[in-house]
Amino acid sequence: MLCGTCSFRALVRSLLLALWAALSGLTFLVLRPEGDGFVARPLRDVAWSNPSMAMRLAGALLDAQRMAAEPEKAELLSLRTATAEQFPGGVHMLPSRRRGQLLQCLCRRFEVRRVLEVGTFTGFSAFCFAEAGAKVISLERSSSQASLARAATRTAACSVEVCVGDARHLVRTLGEEPLPTFDLLHLDADMKNYQYYLDTCRSYGLLSPNALVLADNVLFRGLVANASFEDRGRVGRIVRSLRSFNRKMLRDSPDTEGAILPEDDGLAVIWTRP
Ligand SMILES: C[S@@+](CC[C@H](N)C(=O)[O-])C[C@H]1O[C@@H](n2cnc3c(N)ncnc32)[C@H](O)[C@@H]1O
């Protein structure tokens, strides 16, 4: 049993540690759309409307840095192997080990209970969210990939439901069901429709007021930030959609703010202004 002085000291120590963690995490560099391009800034130099969300982001980035020394979980290693055997052409879609750890840290720091994911593939990111304690509904158009995802996430600790079909229709169907709201929306498929998914989820009331939105690949092979890149084909359509999504959600909207984490192909982290 702790005496009063000891418990007071423990409280002060944990407060100082939390403060140190938040402040040192605020030195992480993030990208923000400004003008027609992007500017890299330390988290602390951005004039946030919702600084408590930025502090949580800083905490998650620090947690992920600490977690980087940990080996990948056996279940995730087996999932990488099974994916390579069954879908060799899709291995590049699996998140990196660091990304998986970051998703878990974000989930914990933002106290996420329910996740809606667009793009399950074989269930890697869904597993990571569930490992962090969230219930996950994930949408995937390929039934064979969904089968592997279901098998991979069928463990006692995991609460993952995979719905098969085109996510553009599935989000509307979910919106018509009396479901509790989601605290995190993970956009990881069909990049040219990110704005549609987010707008549909919001208009159907699927997201909680403080929901976090994570949108992957928002730098799309560096092309999104390359002002001289123009293309009339499929790649050009994706790049134009992502440019418009980034600007709207991170630069122009009076309701949302956030930043792009530059690792991998760029992860946009978006939250609502107070
Ligand atoms: C980048 S992968 C998702 C990676 C996954 N989150 C993971 O952790 O491995 C994109 C997935 O989205 C699926 N997809 C693409 N467009 C879709 C759509 N309109 N509706 C549902 N799934 C879609 C693809 O079949 C693919 O499996």
# chains A, B, ... in the order shown; residues from 1 in each chain; ligands from 1
>>> closest_atom_pairs(of="chain A", to="ligand 1", cutoff="6 Å", atoms="only C-alpha atoms and all ligand atoms", output="tab-separated table")
residue	atom	partner	partner_atom_place_in_ligand_line	distance
A:Met93	CA	ligand 1	1 (C)	4.6
A:Leu94	CA	ligand 1	9 (O)	4.2
A:Pro95	CA	ligand 1	8 (O)	5.5
A:Gly119	CA	ligand 1	12 (O)	3.5
A:Thr120	CA	ligand 1	5 (C)	4.5
A:Phe121	CA	ligand 1	27 (O)	3.3
A:Thr122	CA	ligand 1	9 (O)	5.4
A:Gly123	CA	ligand 1	8 (O)	5.3
A:Phe124	CA	ligand 1	8 (O)	3.9
A:Ser125	CA	ligand 1	8 (O)	3.6
A:Leu139	CA	ligand 1	21 (C)	5.5
A:Glu140	CA	ligand 1	22 (N)	3.7
A:Arg141	CA	ligand 1	21 (C)	3.9
A:Ser142	CA	ligand 1	25 (O)	5.2
A:Gly165	CA	ligand 1	21 (C)	5.8
A:Asp166	CA	ligand 1	20 (N)	3.7
A:Ala167	CA	ligand 1	20 (N)	3.7
A:Arg168	CA	ligand 1	19 (N)	5.8
A:Asp188	CA	ligand 1	3 (C)	5.2
A:Ala189	CA	ligand 1	12 (O)	4.2
A:Asp190	CA	ligand 1	16 (N)	4.4
>>> select_by_dssp(residues="range 110-240 of chain A", states="alpha helix (DSSP H)", output="PyMOL selection string")
chain A and resi 124-131+143-152+167-175+194-203+234-240
>>> write_last_selection(atoms="C-alpha atoms", output="short mmCIF file (atom, residue, chain, number, x, y, z; two decimals), in the first residue's frame")
data_model
loop_
_atom_site.label_atom_id
_atom_site.label_comp_id
_atom_site.auth_asym_id
_atom_site.auth_seq_id
_atom_site.Cartn_x
_atom_site.Cartn_y
_atom_site.Cartn_z
CA PHE A 124 -3.43 -6.97 -41.50
CA SER A 125 -4.52 -3.49 -40.44
CA ALA A 126 -7.86 -4.82 -39.12
CA PHE A 127 -5.89 -7.23 -36.91
CA CYS A 128 -3.73 -4.33 -35.64
CA PHE A 129 -6.78 -2.24 -34.69
CA ALA A 130 -8.38 -5.22 -32.95
CA GLU A 131 -5.13 -5.96 -31.09
CA SER A 143 -14.37 -12.66 -51.32
CA SER A 144 -11.18 -14.74 -51.44
CA GLN A 145 -9.16 -12.01 -49.72
CA ALA A 146 -11.98 -11.55 -47.19
CA SER A 147 -11.84 -15.32 -46.41
CA LEU A 148 -8.17 -15.14 -45.51
CA ALA A 149 -8.82 -11.98 -43.47
CA ARG A 150 -11.57 -13.75 -41.54
CA ALA A 151 -9.32 -16.73 -40.82
CA ALA A 152 -6.43 -14.48 -39.78
CA ALA A 167 -17.53 -0.39 -50.27
CA ARG A 168 -19.34 2.42 -52.11
CA HIS A 169 -22.60 0.52 -51.57
CA LEU A 170 -21.67 -1.08 -48.25
CA VAL A 171 -21.16 2.26 -46.47
CA ARG A 172 -24.70 3.29 -47.43
CA THR A 173 -26.09 -0.04 -46.22
CA LEU A 174 -24.25 0.37 -42.91
CA GLY A 175 -25.59 3.91 -42.69
CA TYR A 194 -11.87 8.96 -50.32
CA GLN A 195 -13.97 12.13 -50.25
CA TYR A 196 -17.10 10.15 -51.14
CA TYR A 197 -16.49 7.64 -48.29
CA LEU A 198 -15.87 10.36 -45.74
CA ASP A 199 -18.83 12.50 -46.84
CA THR A 200 -21.16 9.47 -46.94
CA CYS A 201 -20.08 8.31 -43.47
CA ARG A 202 -20.64 11.82 -42.11
CA SER A 203 -23.99 12.35 -43.80
CA ARG A 234 -6.24 6.40 -64.25
CA VAL A 235 -3.16 7.58 -62.33
CA GLY A 236 -3.97 11.21 -63.13
CA ARG A 237 -7.54 10.77 -61.85
CA ILE A 238 -6.26 9.29 -58.57
CA VAL A 239 -3.69 12.07 -58.14
CA ARG A 240 -6.25 14.83 -58.82
#
>>> residues_around(residues="Ala134 in chain A", least_positions_apart="3", cutoff="9 Å", atoms="only C-alpha atoms", output="list of chain:residue names")
A:Cys107, A:Arg108, A:Glu111, A:Val112, A:Arg113, A:Arg114, A:Val115, A:Phe129, A:Ala130, A:Glu131, A:Cys158, A:Ser159, A:Val160
>>> closest_atom_pairs(of="range 203-273 of chain A", to="range 58-67 of chain A", cutoff="12 Å", atoms="only C-alpha atoms", output="tab-separated table")
residue	atom	partner	partner_atom	distance
A:Gly258	CA	A:Ala58	CA	11.9
A:Ala259	CA	A:Ala58	CA	11.4
A:Leu261	CA	A:Leu61	CA	9.7
A:Glu263	CA	A:Leu61	CA	11.6
A:Val269	CA	A:Ala58	CA	11.5
>>> residues_around(residues="Leu77 in chain A", least_positions_apart="6", cutoff="10 Å", atoms="only C-alpha atoms", output="list in words")
Pro71, Thr83, Arg97 and Phe124 of chain A
>>> residues_around(residues="Glu34 in chain A", least_positions_apart="3", cutoff="10 Å", atoms="only C-alpha atoms", output="PyMOL selection string")
chain A and resi 31+37-40+247+250-252
>>> write_last_selection(atoms="N, CA and C atoms", output="short mmCIF file (atom, residue, chain, number, x, y, z; two decimals), in the first residue's frame")
data_model
loop_
_atom_site.label_atom_id
_atom_site.label_comp_id
_atom_site.auth_asym_id
_atom_site.auth_seq_id
_atom_site.Cartn_x
_atom_site.Cartn_y
_atom_site.Cartn_z
N LEU A 31 3.61 16.87 -42.72
CA LEU A 31 3.40 17.65 -43.94
C LEU A 31 2.01 18.27 -43.88
N GLY A 37 1.30 23.69 -52.66
CA GLY A 37 2.23 22.59 -52.35
C GLY A 37 2.09 22.11 -50.92
N PHE A 38 3.19 21.56 -50.38
CA PHE A 38 3.21 21.04 -49.02
C PHE A 38 4.36 21.68 -48.25
N VAL A 39 4.17 21.85 -46.96
CA VAL A 39 5.24 22.36 -46.11
C VAL A 39 5.45 21.37 -44.98
N ALA A 40 6.72 21.06 -44.68
CA ALA A 40 7.03 20.16 -43.55
C ALA A 40 7.25 21.02 -42.31
N ARG A 247 -6.34 18.93 -49.82
CA ARG A 247 -6.54 20.38 -49.65
C ARG A 247 -7.82 20.65 -48.89
N LEU A 250 -7.44 19.22 -45.11
CA LEU A 250 -6.32 19.67 -44.28
C LEU A 250 -5.97 21.15 -44.45
N ARG A 251 -6.55 21.80 -45.46
CA ARG A 251 -6.20 23.21 -45.69
C ARG A 251 -7.43 24.12 -45.65
N ASP A 252 -8.52 23.70 -46.31
CA ASP A 252 -9.62 24.64 -46.55
C ASP A 252 -10.83 24.47 -45.64
#
>>> closest_residue(among="A:Ser253, A:Asn193, A:Gln104, A:Asn246", to="Ala225 in chain A", atoms="only C-alpha atoms")
A:Asn246
>>> closest_residue(among="A:Gln101, A:Thr155, A:Ser138, A:Ser96", to="Leu187 in chain A", atoms="only C-alpha atoms")
A:Ser138
>>> closest_residue(among="A:Leu116, A:Pro42, A:Leu242, A:Glu230", to="Phe182 in chain A", atoms="only C-alpha atoms")
A:Leu116
